[in-house]
Amino acid sequence: MSRFEYAPAPESRSIVKLQPSYGLFINGEFVDGAGSFKTISPASEEVLAEIAEASTADVDRAVKAARRAYEDVWGVMPGRERAKYLFRIARIIAERSRELAVLESLNNGKPIKESRDVDVPLAAAHFFYYAGWADKLPYAGFGADPRPLGVAGQVIPWNFPLLMLAWKIAPALAAGNTVVLKPAETTPLTALLFAEICQQAELPPGVVNIVTGAGETGAALVNHPDVDKVAFTGSTEVGRIIARAVAGTNKKVTLELGGKAANIVFDDAAIDQAVEGIVTGIFFNQGHVCCAGSRLLVQESVADQLLESLKRRMATLRVGDPLDKNTDVGAINSAEQLSRIKALAEIGSAEGAERWSPACELPERGFWFAPTIFTGVSQAHRIAREEIFGPVLSVLTFRTPGEAVEKANNTPYGLSAGVWSEKGSRILAIADQLRAGVVWANTFNKFDPTSPFGGYKESGYGREGGRHGLEAYLAG
Amino acid sequence: MTATISPLSEVTRSDAALRTFLHGLPGVDRVGADARAAGLGTRSIKTTAKAWAIDLAIRMVDLTTLEGSDTPGKVRALCAKARQPDPGDPTCPPVAAICVYPSMVPTAHEALRGSGIHLASVATAFPSGQAPLKVKLDDTRAAVAAGADEIDMVISRGAFLSGRYLEVFEEITAIKEACGNAHLKVILETGELVTYDNVRRASWLAMLAGGDFIKTSTGKVAPAATLPVTLIMLEAVRDFLDSTGRKVGVKPAGGIRTTKDAIKYLVMVNEIAGDGWLDPDWFRFGASTLLNDLLMQRTKLATGHYSGPDYFTLD
């Protein structure tokens with residue numbers, strides 16, 4: 001036990017006014033759904049609210065509202081007018097950032113310092129950024145008079161609920177589309193608070209519709225015949241189902257799926273900062289990050305030294321109450337995800353990799369998993385192949401730059417990668433050979449609305465963010 | 001990082017060997033180091049943790065006056081303050097040391113007698129270090145003879161920046177010898193070294209040469225102490241202990257004025273070097289105005305309200 005015990009520093013929950021139940025947000029109003037389900041805090045299993053579950057008929061109502069809004073108001077509104085609404089939404093997100101951050105941490109389990117310093121500011125930044133594009137679309141490089149597609153059906157994951165909503169809604173609206181968005185079953189609350197923000201911004205009814213529910217609600221949305229565009233972020237498994245469902249239709253699709261990113265550390269890297277990058281790469285957001293640096297490839301000549309530093313650093317990670325301002329690693333989002341992480345970790349041990357976690361006390365209630373690394377992992381191990389989507393790092397070694405690239409690319413995924421070296425020429429040469437949508441050099445998990453994001457191979461197709469992100473919502 | 005050359009004494013055999021060693025230390029990525037320091041700066045230290053940290057910070061202060069206008073009267077007043085920082089509260093601990101110019105050492109020595117408070121003197125042609133070695137050695141010996149038990153020396157930044165590492169090494173070794181039993185703090189003047197790579201190399205150089213403490217700044221050059229620079233130095237002492245078994249202390253000096261800042265430093269000590277450094281024997285603050293802010297926050301925490309600056313003594 002350290003001599004310097006940090007006293008609890010919880011962020012107050014009082015800023016969030018939780019309602020006992022939430023309806024569906026259709027045509028600018030909250031309406032009842034066919035069924036309902038409970039949403040909880042994964043850190044305590046406390047029930048937070050009762051959420052409406054949208055049936056096929058509810059989804060149809062939402063798509064119809066979106067269609068009307070597209071044809072009558074939003075699709076015909078000049079870009080400079082649409083921009084005003086987007087700027088207004090961005091400002092309200094910034095103004096209500098503490099409320100959004102607390103709610104996100106409550107419902108998702110992520111540490112408040114991440115929702116406060118990353119998720120919410122980036123969500124606001126996405127709206128600010130795309131608001132700026134709304135009246136400049138002819139100059140975006142997609143033709144002289146690019147047109148919106150119509151109604152976008154969007155399905156988002158639970159790992160960055162508000163941020164993924166912003167990634168989806170901001171470019172869609174800037175380009176003149178209307179949307180029906182389904183948040184993840186386990187994390188609907190910030191999307192519903194966003195619906196309130198749309199009301200506060202006086203966004204015309206039907207431009208944004210939020211339908212809550214599970215897989216069936218998502219399927220109803222994706223399969224709806226009047227949806228022109230499907231955008232999905234989530235597992236490769238569900239991505240395949242969606243790709244099959246829209247095959248042969250006129251729907252445009254973008255998919256942002258899984259990853260098994262290589263974080264490559266060369267022997268000439270700035271070791272202390274590389275250790276930070278490894279920690280950020282895999283333990284940020286409990287490793288619930290599609291672009292997480294879940295495979296560490298470290299040059300054999302510095303492997304022992306680096307692992308020693310990494311373990312020492314991991315011992316300082318503070319796991320616990322997501323609302324405590326000093327928490328570094330929060331709760332696993334759901335019992336289901338926890339059991340998946342546990343199962344894959346068991347497989348790692350059974351395959352002969354060496355498992356290590358720092359001593360850390362996990363709370364009794366809620367879903368928790370200690371930060372874990374596996375050493376002695378080889379490419380043939382399942383924990384080096386499959387996405388674990390949790391705070392579990394697989395450590396592999398390499399001898400030469402060529403071997404590093406080969407191993408990094410030897411995966412069905414291709415979303416992101418990291419390169420650590422103090423030698424600029426090496427970074428450029430390696431980045432050139434990596435088949436990954438994003439390559440970070442001497443940093444990891446850095447996001448910016450101006451930068452496109454998306455994958456190769458089974459990590460999906462299409463780009464989100466930046467000028468490129470507009471293409472998915474425009475017809476040239 | 002742990003050095004791979006063994007034994008370490010080999011690396012100081014020649015200028016070339018020393019250069020190879022220092023330039024073989026892992027580089028520091030400035031963006032990453034800054035981000036790490038900023039991240040630690042967001043730790044929220046409240047209630048009991050804050051009270052503990054404030055008392056520790058007071059016990060770590062090297063209460064300093066280094067002005068041309070210093071007089072025996074001023075120094076005596078400062079020594080009184082060092083013994084009893086808050087006359088209204090006997091539970092308030094004394095500071096670690098007084099830090100003065102060599103000419104003020106006899107006065108301070110007298111004023112601190114029996115208090116257990118250390119007496120540090122700057123020496124070696126502080127703050128520039130631009131004097132012949134003999135002058136620096138005499139400066140050091142005089143301060144020790146007059147009663148200083150800690151010497152804060154400055155390195156020759158000119159020699160360091162022109163790559164004459166062995167010269168810097170030998171100078172520190174000579175001063176260390178002149179110190180006798182007095183503890184040697186080696187001021188790197190990081191504001192003049194500029195790059196973090198230089199800070200890491202100078203830290204190792206000072207430790208290899210026998211420095212008991214590495215200190216950021218004289219306080220006469222901007223920027224003085226910063227969180228990222230102290231981070232690099234804390235990593236250096238941690239790694240040096242790992243590879244040699246010898247523990248070296250760290251002293252950020254200059255520019256640390258608020259309790260909030262001091263607590264950020266303590267969080268960094270805790271999470272980078274480890275809690276083994278959370279002790280006045282291993283970590284100091286070179287400061288003057290910081291002390292009154294610590295006292296003010298200490299009173300605030302105990303009583304629930306702020307007192308005005310006039311409730312705390314000037315010196």
# chains A, B, ... in the order shown; residues from 1 in each chain; ligands from 1
call {"tool": "residues_around", "arguments": {"residues": "A:Phe284", "least_positions_apart": "4", "cutoff": "9 Å", "atoms": "only C-alpha atoms", "output": "list in words"}}
result
Lys110, Glu114, Val279, Thr280, His288, Val289, Ala292, Asp328, Val329, Pro391 and Asn445 of chain A
call {"tool": "interface_residues", "arguments": {"of": "chain A", "to": "chain B", "cutoff": "6 Å", "atoms": "only C-alpha atoms", "output": "mmCIF file with C-alpha atoms, in the first residue's frame"}}
result
data_model
loop_
_atom_site.group_PDB
_atom_site.id
_atom_site.type_symbol
_atom_site.label_atom_id
_atom_site.label_comp_id
_atom_site.auth_asym_id
_atom_site.auth_seq_id
_atom_site.Cartn_x
_atom_site.Cartn_y
_atom_site.Cartn_z
ATOM 1 C CA TYR A 6 -5.608 9.275 -2.661
ATOM 2 C CA ALA A 7 -8.868 9.955 -0.852
ATOM 3 C CA ALA A 270 11.659 6.444 -26.334
ATOM 4 C CA GLN A 273 6.772 7.175 -23.656
ATOM 5 C CA ASN A 326 -8.641 9.375 -10.100
#
call {"tool": "select_by_dssp", "arguments": {"residues": "stretch 28-271 of chain B", "states": "alpha helix (DSSP H)", "output": "ChimeraX atom specification"}}
result
/B:30-40,47-59,72-83,105-112,133-145,157-161,165-179,190-193,196-208,227-244,259-268
call {"tool": "atom_distance", "arguments": {"atom1": "atom CA of A:Phe30", "atom2": "atom CA of A:Arg68"}}
result
17.5 Å
call {"tool": "atom_distance", "arguments": {"atom1": "atom CA of A:Gly141", "atom2": "atom CA of A:His468"}}
result
9.2 Å
call {"tool": "closest_residue", "arguments": {"among": "B:Gly116, B:Ala108, B:Arg238, B:Asp310", "to": "B:Met296", "atoms": "only C-alpha atoms"}}
result
B:Asp310
call {"tool": "residues_around", "arguments": {"residues": "stretch 347-355 of chain A", "least_positions_apart": "4", "cutoff": "7 Å", "atoms": "only C-alpha atoms", "output": "mmCIF file with N, CA and C atoms, in the first residue's frame"}}
result
data_model
loop_
_atom_site.group_PDB
_atom_site.id
_atom_site.type_symbol
_atom_site.label_atom_id
_atom_site.label_comp_id
_atom_site.auth_asym_id
_atom_site.auth_seq_id
_atom_site.Cartn_x
_atom_site.Cartn_y
_atom_site.Cartn_z
ATOM 1 N N ALA A 343 -13.391 -15.750 -20.967
ATOM 2 C CA ALA A 343 -13.237 -16.983 -21.747
ATOM 3 C C ALA A 343 -11.963 -16.913 -22.587
ATOM 4 N N THR A 372 -4.533 -6.883 -17.791
ATOM 5 C CA THR A 372 -3.830 -8.166 -17.926
ATOM 6 C C THR A 372 -2.908 -8.154 -19.132
ATOM 7 N N ILE A 373 -1.737 -8.752 -18.975
ATOM 8 C CA ILE A 373 -0.906 -8.979 -20.163
ATOM 9 C C ILE A 373 -0.550 -10.460 -20.264
ATOM 10 N N PHE A 374 -0.434 -10.893 -21.499
ATOM 11 C CA PHE A 374 0.041 -12.240 -21.781
ATOM 12 C C PHE A 374 1.385 -12.130 -22.480
ATOM 13 N N THR A 375 2.391 -12.768 -21.915
ATOM 14 C CA THR A 375 3.689 -12.794 -22.597
ATOM 15 C C THR A 375 3.908 -14.198 -23.171
ATOM 16 N N GLY A 376 4.903 -14.281 -24.021
ATOM 17 C CA GLY A 376 5.178 -15.569 -24.660
ATOM 18 C C GLY A 376 4.071 -15.956 -25.627
ATOM 19 N N VAL A 377 3.419 -14.946 -26.216
ATOM 20 C CA VAL A 377 2.339 -15.216 -27.163
ATOM 21 C C VAL A 377 2.934 -15.374 -28.558
ATOM 22 N N HIS A 381 -1.471 -18.322 -31.465
ATOM 23 C CA HIS A 381 -2.405 -18.315 -30.343
ATOM 24 C C HIS A 381 -3.680 -17.555 -30.689
ATOM 25 N N ILE A 383 -5.373 -15.704 -28.711
ATOM 26 C CA ILE A 383 -5.357 -14.345 -28.136
ATOM 27 C C ILE A 383 -4.529 -13.376 -28.976
#
call {"tool": "residues_around", "arguments": {"residues": "stretch 202-204 of chain B", "least_positions_apart": "2", "cutoff": "7 Å", "atoms": "only C-alpha atoms", "output": "tab-separated table (two decimals) with N, CA and C atoms, in the first residue's frame"}}
result
chain	number	residue	atom	x	y	z
B	188	LEU	N	21.12	21.24	-12.60
B	188	LEU	CA	21.35	21.03	-14.04
B	188	LEU	C	21.04	22.29	-14.84
B	198	ASN	N	18.68	16.10	-23.28
B	198	ASN	CA	19.77	16.69	-22.49
B	198	ASN	C	19.52	16.54	-20.99
B	199	VAL	N	18.28	16.74	-20.58
B	199	VAL	CA	17.97	16.63	-19.15
B	199	VAL	C	18.25	15.21	-18.66
B	200	ARG	N	17.85	14.22	-19.46
B	200	ARG	CA	18.11	12.83	-19.06
B	200	ARG	C	19.62	12.57	-19.00
B	206	ALA	N	25.27	13.56	-13.63
B	206	ALA	CA	25.39	14.04	-12.26
B	206	ALA	C	25.35	12.88	-11.26
B	207	MET	N	24.53	11.89	-11.56
B	207	MET	CA	24.42	10.75	-10.65
B	207	MET	C	25.67	9.88	-10.71
B	208	LEU	N	26.19	9.68	-11.93
B	208	LEU	CA	27.41	8.89	-12.08
B	208	LEU	C	28.56	9.55	-11.34
B	214	ILE	N	19.66	15.53	-7.63
B	214	ILE	CA	19.71	16.32	-8.86
B	214	ILE	C	18.61	17.37	-8.77
B	233	MET	N	13.54	13.65	-14.65
B	233	MET	CA	14.54	13.45	-13.60
B	233	MET	C	14.11	12.36	-12.62
B	236	ALA	N	14.88	9.20	-14.15
B	236	ALA	CA	16.32	8.95	-14.10
B	236	ALA	C	16.75	8.39	-12.75
call {"tool": "atom_distance", "arguments": {"atom1": "atom CA of B:Leu184", "atom2": "atom CA of B:Phe213"}}
result
6.3 Å
call {"tool": "residues_around", "arguments": {"residues": "stretch 448-456 of chain A", "least_positions_apart": "2", "cutoff": "10 Å", "atoms": "only C-alpha atoms", "output": "PyMOL selection string"}}
result
chain A and resi 122-130+166-167+254-259+291+412-416+435-438+446+458-470
call {"tool": "residues_around", "arguments": {"residues": "A:Val31", "least_positions_apart": "4", "cutoff": "10 Å", "atoms": "only C-alpha atoms", "output": "list in words"}}
result
Tyr22, Gly23, Leu24, Phe25, Ile26, Asn27, Ala52 and Asp58 of chain A
call {"tool": "write_last_selection", "arguments": {"atoms": "N, CA and C atoms", "output": "short mmCIF file (atom, residue, chain, number, x, y, z; two decimals), in the first residue's frame"}}
result
data_model
loop_
_atom_site.label_atom_id
_atom_site.label_comp_id
_atom_site.auth_asym_id
_atom_site.auth_seq_id
_atom_site.Cartn_x
_atom_site.Cartn_y
_atom_site.Cartn_z
N TYR A 22 -37.71 6.18 -20.15
CA TYR A 22 -37.48 6.96 -21.36
C TYR A 22 -38.21 6.32 -22.53
N GLY A 23 -38.81 7.16 -23.38
CA GLY A 23 -39.49 6.66 -24.57
C GLY A 23 -38.57 6.74 -25.78
N LEU A 24 -39.15 6.46 -26.93
CA LEU A 24 -38.40 6.57 -28.19
C LEU A 24 -38.48 8.02 -28.66
N PHE A 25 -37.46 8.48 -29.33
CA PHE A 25 -37.48 9.86 -29.82
C PHE A 25 -37.81 9.83 -31.31
N ILE A 26 -39.07 10.11 -31.61
CA ILE A 26 -39.52 10.04 -33.00
C ILE A 26 -40.24 11.34 -33.35
N ASN A 27 -39.85 11.90 -34.46
CA ASN A 27 -40.47 13.14 -34.94
C ASN A 27 -40.43 14.27 -33.90
N ALA A 52 -37.59 2.29 -23.47
CA ALA A 52 -38.55 1.72 -24.43
C ALA A 52 -37.82 0.88 -25.46
N ASP A 58 -42.45 0.51 -34.68
CA ASP A 58 -41.87 1.76 -34.15
C ASP A 58 -40.76 2.27 -35.07
#
call {"tool": "residues_around", "arguments": {"residues": "A:Ile51", "least_positions_apart": "5", "cutoff": "12 Å", "atoms": "only C-alpha atoms", "output": "PyMOL selection string"}}
result
chain A and resi 18-25+30-40+183-189+191-192+210-214
call {"tool": "write_last_selection", "arguments": {"atoms": "C-alpha atoms", "output": "compact mmCIF listing (two decimals), in the first residue's frame"}}
result
# COMPACT_ATOMS: atom_id res chain seq x y z
CA LEU A 18 -32.37 10.65 -14.44
CA GLN A 19 -35.97 9.91 -15.31
CA PRO A 20 -37.49 6.60 -14.26
CA SER A 21 -38.33 5.78 -17.87
CA TYR A 22 -37.48 6.96 -21.36
CA GLY A 23 -39.49 6.66 -24.57
CA LEU A 24 -38.40 6.57 -28.19
CA PHE A 25 -37.48 9.86 -29.82
CA PHE A 30 -40.63 11.15 -26.85
CA VAL A 31 -43.19 8.43 -27.51
CA ASP A 32 -43.94 5.04 -25.99
CA GLY A 33 -42.45 1.94 -27.53
CA ALA A 34 -43.86 -1.53 -27.90
CA GLY A 35 -41.86 -3.01 -25.05
CA SER A 36 -39.24 -1.96 -22.55
CA PHE A 37 -36.00 -3.05 -20.95
CA LYS A 38 -33.85 -1.91 -18.04
CA THR A 39 -30.53 -0.17 -18.37
CA ILE A 40 -27.97 -0.46 -15.59
CA PRO A 183 -27.84 3.24 -29.73
CA ALA A 184 -26.44 0.06 -28.19
CA GLU A 185 -28.79 -1.86 -25.94
CA THR A 186 -26.59 -1.42 -22.87
CA THR A 187 -25.83 2.29 -23.30
CA PRO A 188 -28.89 4.24 -24.47
CA LEU A 189 -28.84 7.10 -21.97
CA ALA A 191 -28.30 9.21 -26.89
CA LEU A 192 -31.58 10.02 -25.16
CA ILE A 210 -33.52 7.72 -31.76
CA VAL A 211 -34.89 4.20 -31.48
CA THR A 212 -33.69 2.14 -28.54
CA GLY A 213 -33.61 -1.62 -28.42
CA ALA A 214 -31.48 -4.68 -29.03
call {"tool": "closest_residue", "arguments": {"among": "A:Val405, A:Leu162, A:Ala262, A:Ala370", "to": "A:Phe444", "atoms": "only C-alpha atoms"}}
result
A:Ala262
call {"tool": "select_by_dssp", "arguments": {"residues": "stretch 236-370 of chain A", "states": "strand (DSSP E)", "output": "PyMOL selection string"}}
result
chain A and resi 252-256+262-265+295-299+354-356
call {"tool": "write_last_selection", "arguments": {"atoms": "N, CA and C atoms", "output": "mmCIF file, in the first residue's frame"}}
result
data_model
loop_
_atom_site.group_PDB
_atom_site.id
_atom_site.type_symbol
_atom_site.label_atom_id
_atom_site.label_comp_id
_atom_site.auth_asym_id
_atom_site.auth_seq_id
_atom_site.Cartn_x
_atom_site.Cartn_y
_atom_site.Cartn_z
ATOM 1 N N LYS A 252 -26.512 2.394 -49.568
ATOM 2 C CA LYS A 252 -25.059 2.560 -49.401
ATOM 3 C C LYS A 252 -24.687 2.112 -47.986
ATOM 4 N N VAL A 253 -23.516 1.557 -47.848
ATOM 5 C CA VAL A 253 -23.140 1.027 -46.530
ATOM 6 C C VAL A 253 -21.740 1.464 -46.138
ATOM 7 N N THR A 254 -21.577 1.822 -44.882
ATOM 8 C CA THR A 254 -20.228 1.914 -44.310
ATOM 9 C C THR A 254 -20.209 1.075 -43.042
ATOM 10 N N LEU A 255 -19.138 0.344 -42.875
ATOM 11 C CA LEU A 255 -18.999 -0.535 -41.717
ATOM 12 C C LEU A 255 -17.673 -0.241 -41.042
ATOM 13 N N GLU A 256 -17.736 -0.036 -39.733
ATOM 14 C CA GLU A 256 -16.502 0.142 -38.975
ATOM 15 C C GLU A 256 -16.511 -0.960 -37.941
ATOM 16 N N ALA A 262 -1.596 -3.943 -34.119
ATOM 17 C CA ALA A 262 -0.225 -4.149 -33.658
ATOM 18 C C ALA A 262 0.343 -2.815 -33.198
ATOM 19 N N ASN A 263 0.944 -2.836 -32.043
ATOM 20 C CA ASN A 263 1.661 -1.668 -31.537
ATOM 21 C C ASN A 263 3.135 -2.083 -31.545
ATOM 22 N N ILE A 264 3.896 -1.520 -32.482
ATOM 23 C CA ILE A 264 5.256 -2.018 -32.726
ATOM 24 C C ILE A 264 6.282 -1.129 -32.038
ATOM 25 N N VAL A 265 7.063 -1.709 -31.141
ATOM 26 C CA VAL A 265 8.066 -0.928 -30.417
ATOM 27 C C VAL A 265 9.467 -1.373 -30.844
ATOM 28 N N ARG A 295 -2.177 -6.026 -29.678
ATOM 29 C CA ARG A 295 -1.007 -6.891 -29.880
ATOM 30 C C ARG A 295 0.237 -6.025 -29.761
ATOM 31 N N LEU A 296 1.023 -6.259 -28.746
ATOM 32 C CA LEU A 296 2.278 -5.525 -28.629
ATOM 33 C C LEU A 296 3.362 -6.320 -29.345
ATOM 34 N N LEU A 297 3.974 -5.703 -30.340
ATOM 35 C CA LEU A 297 5.117 -6.330 -31.007
ATOM 36 C C LEU A 297 6.352 -5.571 -30.566
ATOM 37 N N VAL A 298 7.190 -6.212 -29.794
ATOM 38 C CA VAL A 298 8.354 -5.516 -29.257
ATOM 39 C C VAL A 298 9.626 -6.194 -29.738
ATOM 40 N N GLN A 299 10.587 -5.372 -30.096
ATOM 41 C CA GLN A 299 11.850 -5.916 -30.583
ATOM 42 C C GLN A 299 12.524 -6.710 -29.465
ATOM 43 N N GLU A 354 1.895 -16.780 -20.863
ATOM 44 C CA GLU A 354 2.035 -16.474 -19.443
ATOM 45 C C GLU A 354 1.222 -15.242 -19.099
ATOM 46 N N ARG A 355 0.337 -15.393 -18.125
ATOM 47 C CA ARG A 355 -0.606 -14.329 -17.785
ATOM 48 C C ARG A 355 -0.106 -13.545 -16.581
ATOM 49 N N TRP A 356 -0.230 -12.231 -16.629
ATOM 50 C CA TRP A 356 0.178 -11.391 -15.500
ATOM 51 C C TRP A 356 -0.781 -10.222 -15.330
#
call {"tool": "closest_residue", "arguments": {"among": "A:Ala54, A:Val120, A:Leu317, A:Leu137", "to": "A:Gly215", "atoms": "only C-alpha atoms"}}
result
A:Ala54
